[in-house]
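Following: one structure in structure tokens, then a few remarks.
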Amino acid sequence: LISAGMFVVAKQLEFHRAVLAGVTGVFLSDAIFFLLGRKLGRPVFQLRIIRGIITESRITQAEACLQRNGVFSCVLGRFLPGFRIVIFATAGMLNIRPLLFLIVDLLVSIISVSLWIFIGIKVGGYFDAIQYIEEVKMIVMVGAVSFLMLYLVRQYITCSRVNV
């Protein structure tokens with residue numbers, strides 16, 4: 001999403017298309033995990049792709065949070081990368097009304113995606129400066145490595161003369 005914002009600044013992508021694509025991807029992935037949780041229940045966390053990422057303690061935390069706060073937890077889940085999948089799948093398991101979840105998630109996705117694209121736009125405005133800094137950094141690194149190589153060669157030559 002940050003990259004999309006940078007493409008907007010570079011005039012390679014229109015803002016509304018970036019938001020539409022981002023919201024579509026984010027919303028669909030959230031809906032998939034919600035529906036998986038609703039359909040499969042707790043065994044969804046035993047799927048190989050999820051099992052290695054999601055710990056039992058995260059599942060327990062998400063369940064407790066959703067029991068206390070319901071839909072608000074889904075809003076919060078949008079901004080918690082490590083918990084997002086767990087919260088949305090657990091919301092499905094705990095039978096949060098699908099229409100309510102999807103409406104809230106869509107609205108929050110629009111806000112979240114727009115925010116990240118906006119950050120990309122702000123960062124993209126400094127892209128020339130970032131590129132310049134990277135070039136300077138490369139010159140400094142090449143200079144430092146060259147200096148180190150010359151120093152090591154000099155040390156080698158000096159040590160060779162002493163031993164002869």
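Quick note on naming: the chains in the structure tokens go A, B, ... in the order shown, residues restart at 1 in each chain, and ligands are numbered from 1 in order of appearance.
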List the neighbours of stretch 81-93 of chain A out to 9 Å using only C-alpha atoms; skip same-chain residues closer than 6 positions along the sequence, and give me the result as a short mmCIF file (atom, residue, chain, number, x, y, z; two decimals) with all heavy atoms, in the first residue's frame.
```cif
data_model
loop_
_atom_site.label_atom_id
_atom_site.label_comp_id
_atom_site.auth_asym_id
_atom_site.auth_seq_id
_atom_site.Cartn_x
_atom_site.Cartn_y
_atom_site.Cartn_z
N SER A 29 -9.51 -10.71 1.83
CA SER A 29 -8.74 -11.57 2.73
C SER A 29 -9.38 -11.64 4.11
O SER A 29 -9.46 -12.71 4.72
CB SER A 29 -7.28 -11.12 2.82
OG SER A 29 -7.17 -9.90 3.50
N ASP A 30 -9.88 -10.51 4.60
CA ASP A 30 -10.56 -10.51 5.90
C ASP A 30 -11.81 -11.37 5.85
O ASP A 30 -12.08 -12.16 6.76
CB ASP A 30 -10.95 -9.08 6.30
CG ASP A 30 -9.74 -8.20 6.56
OD1 ASP A 30 -8.62 -8.72 6.64
OD2 ASP A 30 -9.94 -6.98 6.67
N ALA A 31 -12.59 -11.23 4.78
CA ALA A 31 -13.82 -11.99 4.63
C ALA A 31 -13.53 -13.49 4.55
O ALA A 31 -14.26 -14.31 5.13
CB ALA A 31 -14.59 -11.53 3.40
N ILE A 32 -12.46 -13.85 3.86
CA ILE A 32 -12.10 -15.27 3.74
C ILE A 32 -11.81 -15.85 5.12
O ILE A 32 -12.31 -16.93 5.47
CB ILE A 32 -10.90 -15.45 2.79
CG1 ILE A 32 -11.35 -15.23 1.35
CG2 ILE A 32 -10.25 -16.82 2.97
CD1 ILE A 32 -10.21 -15.12 0.35
N PHE A 33 -11.02 -15.16 5.93
CA PHE A 33 -10.70 -15.69 7.27
C PHE A 33 -11.93 -15.70 8.18
O PHE A 33 -12.09 -16.62 8.98
CB PHE A 33 -9.53 -14.94 7.89
CG PHE A 33 -8.23 -15.34 7.27
CD1 PHE A 33 -7.56 -14.49 6.42
CD2 PHE A 33 -7.70 -16.60 7.50
CE1 PHE A 33 -6.37 -14.88 5.82
CE2 PHE A 33 -6.52 -17.00 6.90
CZ PHE A 33 -5.86 -16.14 6.06
N PHE A 34 -12.78 -14.70 8.06
CA PHE A 34 -14.02 -14.70 8.83
C PHE A 34 -14.88 -15.91 8.45
O PHE A 34 -15.37 -16.64 9.32
CB PHE A 34 -14.79 -13.40 8.59
CG PHE A 34 -16.11 -13.35 9.29
CD1 PHE A 34 -16.19 -13.02 10.63
CD2 PHE A 34 -17.29 -13.64 8.61
CE1 PHE A 34 -17.42 -12.97 11.28
CE2 PHE A 34 -18.51 -13.60 9.25
CZ PHE A 34 -18.57 -13.27 10.59
N LEU A 35 -15.05 -16.13 7.15
CA LEU A 35 -15.88 -17.23 6.69
C LEU A 35 -15.26 -18.59 6.99
O LEU A 35 -15.97 -19.54 7.30
CB LEU A 35 -16.18 -17.08 5.19
CG LEU A 35 -17.03 -15.86 4.84
CD1 LEU A 35 -17.12 -15.67 3.34
CD2 LEU A 35 -18.42 -15.96 5.47
N LEU A 36 -13.92 -18.68 6.93
CA LEU A 36 -13.26 -19.93 7.33
C LEU A 36 -13.53 -20.23 8.79
O LEU A 36 -13.81 -21.37 9.16
CB LEU A 36 -11.75 -19.84 7.09
CG LEU A 36 -11.24 -20.16 5.70
CD1 LEU A 36 -9.74 -19.84 5.59
CD2 LEU A 36 -11.51 -21.59 5.33
N GLY A 37 -13.42 -19.21 9.63
CA GLY A 37 -13.71 -19.39 11.05
C GLY A 37 -15.15 -19.80 11.27
O GLY A 37 -15.45 -20.66 12.10
N ARG A 38 -16.05 -19.21 10.53
CA ARG A 38 -17.49 -19.51 10.66
C ARG A 38 -17.78 -20.94 10.21
O ARG A 38 -18.55 -21.66 10.83
CB ARG A 38 -18.29 -18.51 9.85
CG ARG A 38 -19.75 -18.54 10.11
CD ARG A 38 -20.37 -17.27 9.55
NE ARG A 38 -21.77 -17.24 9.76
CZ ARG A 38 -22.36 -16.87 10.89
NH1 ARG A 38 -21.62 -16.50 11.91
NH2 ARG A 38 -23.67 -16.87 11.00
N LYS A 39 -17.15 -21.35 9.12
CA LYS A 39 -17.43 -22.66 8.52
C LYS A 39 -16.69 -23.79 9.24
O LYS A 39 -17.27 -24.82 9.53
CB LYS A 39 -17.02 -22.63 7.04
CG LYS A 39 -17.32 -23.86 6.28
CD LYS A 39 -18.76 -23.91 5.89
CE LYS A 39 -18.98 -25.06 4.92
NZ LYS A 39 -20.36 -25.40 4.81
N LEU A 40 -15.40 -23.59 9.51
CA LEU A 40 -14.58 -24.66 10.07
C LEU A 40 -14.49 -24.64 11.59
O LEU A 40 -14.13 -25.64 12.21
CB LEU A 40 -13.17 -24.61 9.49
CG LEU A 40 -13.05 -24.77 7.97
CD1 LEU A 40 -11.61 -24.60 7.55
CD2 LEU A 40 -13.60 -26.11 7.53
N GLY A 41 -14.75 -23.48 12.19
CA GLY A 41 -14.61 -23.38 13.64
C GLY A 41 -13.15 -23.43 14.05
O GLY A 41 -12.25 -23.09 13.28
N ARG A 42 -12.89 -23.90 15.25
CA ARG A 42 -11.54 -23.92 15.80
C ARG A 42 -10.53 -24.71 14.94
O ARG A 42 -9.35 -24.36 14.91
CB ARG A 42 -11.57 -24.45 17.22
CG ARG A 42 -10.32 -24.12 17.98
CD ARG A 42 -10.55 -24.33 19.48
NE ARG A 42 -9.38 -23.98 20.23
CZ ARG A 42 -9.12 -22.77 20.68
NH1 ARG A 42 -9.96 -21.79 20.47
NH2 ARG A 42 -8.03 -22.55 21.37
N VAL A 44 -9.83 -24.44 12.04
CA VAL A 44 -9.19 -23.57 11.05
C VAL A 44 -7.76 -23.25 11.48
O VAL A 44 -6.87 -23.10 10.65
CB VAL A 44 -10.00 -22.26 10.82
CG1 VAL A 44 -9.87 -21.30 11.98
CG2 VAL A 44 -9.54 -21.57 9.55
N PHE A 45 -7.52 -23.22 12.80
CA PHE A 45 -6.18 -22.91 13.29
C PHE A 45 -5.23 -24.10 13.18
O PHE A 45 -4.04 -23.97 13.46
CB PHE A 45 -6.24 -22.39 14.73
CG PHE A 45 -6.97 -21.08 14.83
CD1 PHE A 45 -8.18 -20.99 15.51
CD2 PHE A 45 -6.47 -19.95 14.22
CE1 PHE A 45 -8.85 -19.79 15.59
CE2 PHE A 45 -7.14 -18.74 14.29
CZ PHE A 45 -8.33 -18.67 14.97
N ILE A 50 -1.65 -21.89 8.61
CA ILE A 50 -1.91 -21.02 9.77
C ILE A 50 -1.22 -21.55 11.02
O ILE A 50 -0.74 -20.77 11.85
CB ILE A 50 -3.43 -20.88 10.00
CG1 ILE A 50 -4.06 -20.22 8.77
CG2 ILE A 50 -3.73 -20.09 11.25
CD1 ILE A 50 -5.55 -20.16 8.82
N ILE A 53 2.03 -20.06 12.30
CA ILE A 53 2.04 -18.62 12.58
C ILE A 53 1.27 -18.28 13.85
O ILE A 53 1.69 -17.47 14.66
CB ILE A 53 1.43 -17.84 11.39
CG1 ILE A 53 2.21 -18.14 10.12
CG2 ILE A 53 1.39 -16.35 11.68
CD1 ILE A 53 1.53 -17.63 8.86
N ILE A 54 0.13 -18.93 14.01
CA ILE A 54 -0.79 -18.57 15.08
C ILE A 54 -0.57 -19.46 16.30
O ILE A 54 -0.71 -20.67 16.22
CB ILE A 54 -2.26 -18.71 14.60
CG1 ILE A 54 -2.49 -17.92 13.31
CG2 ILE A 54 -3.22 -18.30 15.69
CD1 ILE A 54 -2.18 -16.46 13.38
N ARG A 58 -2.36 -16.59 21.30
CA ARG A 58 -3.01 -15.56 20.48
C ARG A 58 -4.48 -15.90 20.28
O ARG A 58 -5.32 -15.02 20.29
CB ARG A 58 -2.32 -15.42 19.13
CG ARG A 58 -1.02 -14.68 19.20
CD ARG A 58 -0.47 -14.42 17.83
NE ARG A 58 0.74 -13.61 17.94
CZ ARG A 58 1.52 -13.32 16.92
NH1 ARG A 58 1.23 -13.78 15.72
NH2 ARG A 58 2.57 -12.57 17.08
N ILE A 59 -4.77 -17.17 20.07
CA ILE A 59 -6.16 -17.59 19.90
C ILE A 59 -6.95 -17.29 21.17
O ILE A 59 -8.05 -16.73 21.11
CB ILE A 59 -6.24 -19.10 19.54
CG1 ILE A 59 -5.57 -19.35 18.20
CG2 ILE A 59 -7.68 -19.58 19.53
CD1 ILE A 59 -5.33 -20.82 17.89
N GLN A 61 -6.26 -15.07 23.52
CA GLN A 61 -6.40 -13.62 23.67
C GLN A 61 -7.49 -13.07 22.76
O GLN A 61 -8.28 -12.23 23.17
CB GLN A 61 -5.08 -12.92 23.35
CG GLN A 61 -4.03 -13.04 24.42
CD GLN A 61 -2.73 -12.38 24.00
OE1 GLN A 61 -2.27 -12.55 22.87
NE2 GLN A 61 -2.14 -11.63 24.90
N ALA A 62 -7.53 -13.55 21.51
CA ALA A 62 -8.53 -13.07 20.56
C ALA A 62 -9.94 -13.46 21.02
O ALA A 62 -10.87 -12.65 20.93
CB ALA A 62 -8.25 -13.63 19.17
N GLU A 63 -10.10 -14.67 21.51
CA GLU A 63 -11.41 -15.11 22.00
C GLU A 63 -11.88 -14.25 23.16
O GLU A 63 -13.04 -13.79 23.18
CB GLU A 63 -11.36 -16.59 22.43
CG GLU A 63 -11.34 -17.54 21.29
CD GLU A 63 -11.19 -18.99 21.72
OE1 GLU A 63 -10.64 -19.24 22.81
OE2 GLU A 63 -11.63 -19.86 20.96
N CYS A 65 -10.94 -11.19 23.92
CA CYS A 65 -11.19 -9.84 23.43
C CYS A 65 -12.54 -9.76 22.71
O CYS A 65 -13.32 -8.83 22.94
CB CYS A 65 -10.05 -9.44 22.50
SG CYS A 65 -10.09 -7.73 21.98
N LEU A 66 -12.82 -10.74 21.86
CA LEU A 66 -14.08 -10.74 21.12
C LEU A 66 -15.28 -10.98 22.04
O LEU A 66 -16.35 -10.42 21.80
CB LEU A 66 -14.05 -11.79 20.01
CG LEU A 66 -13.26 -11.35 18.78
CD1 LEU A 66 -12.89 -12.54 17.92
CD2 LEU A 66 -14.06 -10.35 17.97
N GLY A 70 -16.70 -7.63 21.07
CA GLY A 70 -17.36 -7.91 19.80
C GLY A 70 -16.80 -7.18 18.61
O GLY A 70 -15.64 -7.33 18.26
N VAL A 71 -17.65 -6.38 17.97
CA VAL A 71 -17.31 -5.72 16.71
C VAL A 71 -16.14 -4.75 16.88
O VAL A 71 -15.30 -4.62 15.98
CB VAL A 71 -18.54 -5.00 16.13
CG1 VAL A 71 -18.18 -4.19 14.92
CG2 VAL A 71 -19.61 -6.01 15.78
N SER A 73 -13.57 -5.15 18.54
CA SER A 73 -12.35 -5.94 18.42
C SER A 73 -11.98 -6.15 16.95
O SER A 73 -10.81 -6.22 16.60
CB SER A 73 -12.53 -7.30 19.09
OG SER A 73 -12.77 -7.12 20.46
N CYS A 74 -12.99 -6.27 16.10
CA CYS A 74 -12.73 -6.42 14.66
C CYS A 74 -12.13 -5.13 14.09
O CYS A 74 -11.26 -5.18 13.22
CB CYS A 74 -14.01 -6.80 13.93
SG CYS A 74 -14.62 -8.42 14.41
N PHE A 101 -20.21 -7.71 10.55
CA PHE A 101 -18.76 -7.82 10.42
C PHE A 101 -18.29 -7.24 9.08
O PHE A 101 -17.35 -6.45 9.03
CB PHE A 101 -18.31 -9.27 10.53
CG PHE A 101 -16.84 -9.46 10.21
CD1 PHE A 101 -15.87 -9.20 11.16
CD2 PHE A 101 -16.44 -9.83 8.94
CE1 PHE A 101 -14.53 -9.35 10.86
CE2 PHE A 101 -15.10 -9.97 8.62
CZ PHE A 101 -14.14 -9.73 9.59
#
```
### Message
Measuring between only C-alpha atoms, which one of A:Tyr126, A:Tyr156, A:Tyr151, A:Trp116 shows the shortest distance to A:Val23?
### Response
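Answer, going by the shortest atom-to-atom distance: A:Trp116.
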### Query
Do you have the atom CA of A:Ala18-atom CA of A:Val113 distance handy?
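Atom CA of A:Val113 lies 8.9 Å from atom CA of A:Ala18.
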### Task
Find the spatial neighbours of A:Ile119, counting only C-alpha atoms, within a cut-off of 12 Å - ignore same-chain residues fewer than 2 positions away - and output them as a list in words.
Leu1, Ile2, Ser3, Ala4, Gly5, Met6, Phe7, Val8, Val9, Ser112, Val113, Ser114, Leu115, Trp116, Ile117, Ile121, Lys122, Val123, Gly124, Gly125 and Tyr126 of chain A
Expected file: the selected residues, N, CA, C and O atoms, as a CSV table (one decimal), in the first residue's frame:
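Listing of out27.csv after writing:
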```
chain,number,residue,atom,x,y,z
A,1,LEU,N,0.8,-1.2,0.0
A,1,LEU,CA,0.0,0.0,0.0
A,1,LEU,C,0.9,1.3,0.0
A,1,LEU,O,0.5,2.2,-0.7
A,2,ILE,N,2.0,1.2,0.7
A,2,ILE,CA,2.9,2.3,0.7
A,2,ILE,C,3.5,2.5,-0.7
A,2,ILE,O,3.6,3.6,-1.2
A,3,SER,N,3.8,1.4,-1.3
A,3,SER,CA,4.3,1.4,-2.7
A,3,SER,C,3.3,2.0,-3.6
A,3,SER,O,3.6,2.7,-4.6
A,4,ALA,N,2.0,1.6,-3.4
A,4,ALA,CA,0.9,2.2,-4.3
A,4,ALA,C,0.9,3.7,-4.1
A,4,ALA,O,0.7,4.4,-5.1
A,5,GLY,N,1.1,4.2,-2.9
A,5,GLY,CA,1.2,5.7,-2.7
A,5,GLY,C,2.3,6.3,-3.5
A,5,GLY,O,2.2,7.4,-4.0
A,6,MET,N,3.4,5.6,-3.5
A,6,MET,CA,4.6,6.1,-4.2
A,6,MET,C,4.3,6.1,-5.7
A,6,MET,O,4.7,7.0,-6.4
A,7,PHE,N,3.6,5.1,-6.2
A,7,PHE,CA,3.2,5.1,-7.6
A,7,PHE,C,2.2,6.2,-7.9
A,7,PHE,O,2.2,6.8,-9.0
A,8,VAL,N,1.4,6.6,-6.9
A,8,VAL,CA,0.5,7.7,-7.1
A,8,VAL,C,1.3,9.0,-7.3
A,8,VAL,O,1.0,9.8,-8.2
A,9,VAL,N,2.3,9.2,-6.5
A,9,VAL,CA,3.1,10.4,-6.6
A,9,VAL,C,3.9,10.4,-7.9
A,9,VAL,O,4.0,11.5,-8.5
A,112,SER,N,-8.1,2.4,6.7
A,112,SER,CA,-6.8,1.8,6.8
A,112,SER,C,-6.0,1.9,5.5
A,112,SER,O,-4.9,2.3,5.5
A,113,VAL,N,-6.6,1.4,4.5
A,113,VAL,CA,-5.9,1.4,3.2
A,113,VAL,C,-5.6,2.8,2.7
A,113,VAL,O,-4.5,3.1,2.3
A,114,SER,N,-6.5,3.7,2.9
A,114,SER,CA,-6.3,5.1,2.5
A,114,SER,C,-5.1,5.7,3.3
A,114,SER,O,-4.3,6.5,2.8
A,115,LEU,N,-5.1,5.4,4.6
A,115,LEU,CA,-4.0,5.9,5.5
A,115,LEU,C,-2.6,5.4,5.0
A,115,LEU,O,-1.7,6.2,4.8
A,116,TRP,N,-2.5,4.1,4.7
A,116,TRP,CA,-1.2,3.6,4.2
A,116,TRP,C,-0.8,4.1,2.9
A,116,TRP,O,0.3,4.4,2.6
A,117,ILE,N,-1.8,4.3,2.0
A,117,ILE,CA,-1.5,4.9,0.7
A,117,ILE,C,-1.1,6.4,0.9
A,117,ILE,O,-0.1,6.8,0.2
A,121,ILE,N,2.3,8.2,-0.3
A,121,ILE,CA,2.3,9.5,-1.0
A,121,ILE,C,3.3,10.5,-0.3
A,121,ILE,O,4.1,11.1,-1.0
A,122,LYS,N,3.3,10.5,1.0
A,122,LYS,CA,4.2,11.4,1.7
A,122,LYS,C,5.6,11.0,1.5
A,122,LYS,O,6.5,11.8,1.3
A,123,VAL,N,5.8,9.7,1.7
A,123,VAL,CA,7.2,9.2,1.5
A,123,VAL,C,7.6,9.3,0.0
A,123,VAL,O,8.8,9.7,-0.2
A,124,GLY,N,6.7,9.1,-0.9
A,124,GLY,CA,7.1,9.2,-2.3
A,124,GLY,C,7.5,10.6,-2.7
A,124,GLY,O,8.2,10.8,-3.7
A,125,GLY,N,7.0,11.6,-2.0
A,125,GLY,CA,7.3,13.0,-2.2
A,125,GLY,C,8.8,13.2,-2.0
A,125,GLY,O,9.4,14.2,-2.5
A,126,TYR,N,9.4,12.4,-1.2
A,126,TYR,CA,10.8,12.5,-0.8
A,126,TYR,C,11.6,11.4,-1.6
A,126,TYR,O,12.8,11.2,-1.2
```
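Shortest atom-to-atom contact with A:Leu94 among A:Ala64, A:Val26, A:Leu148, A:Met138: A:Ala64, counting only C-alpha atoms.
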#### Entry: DSSP alpha helix (DSSP H) selection over chain A, as number ranges by chain
A: 2-9, 15-40, 48-51, 56-69, 71-77, 84-93, 98-124, 127-163
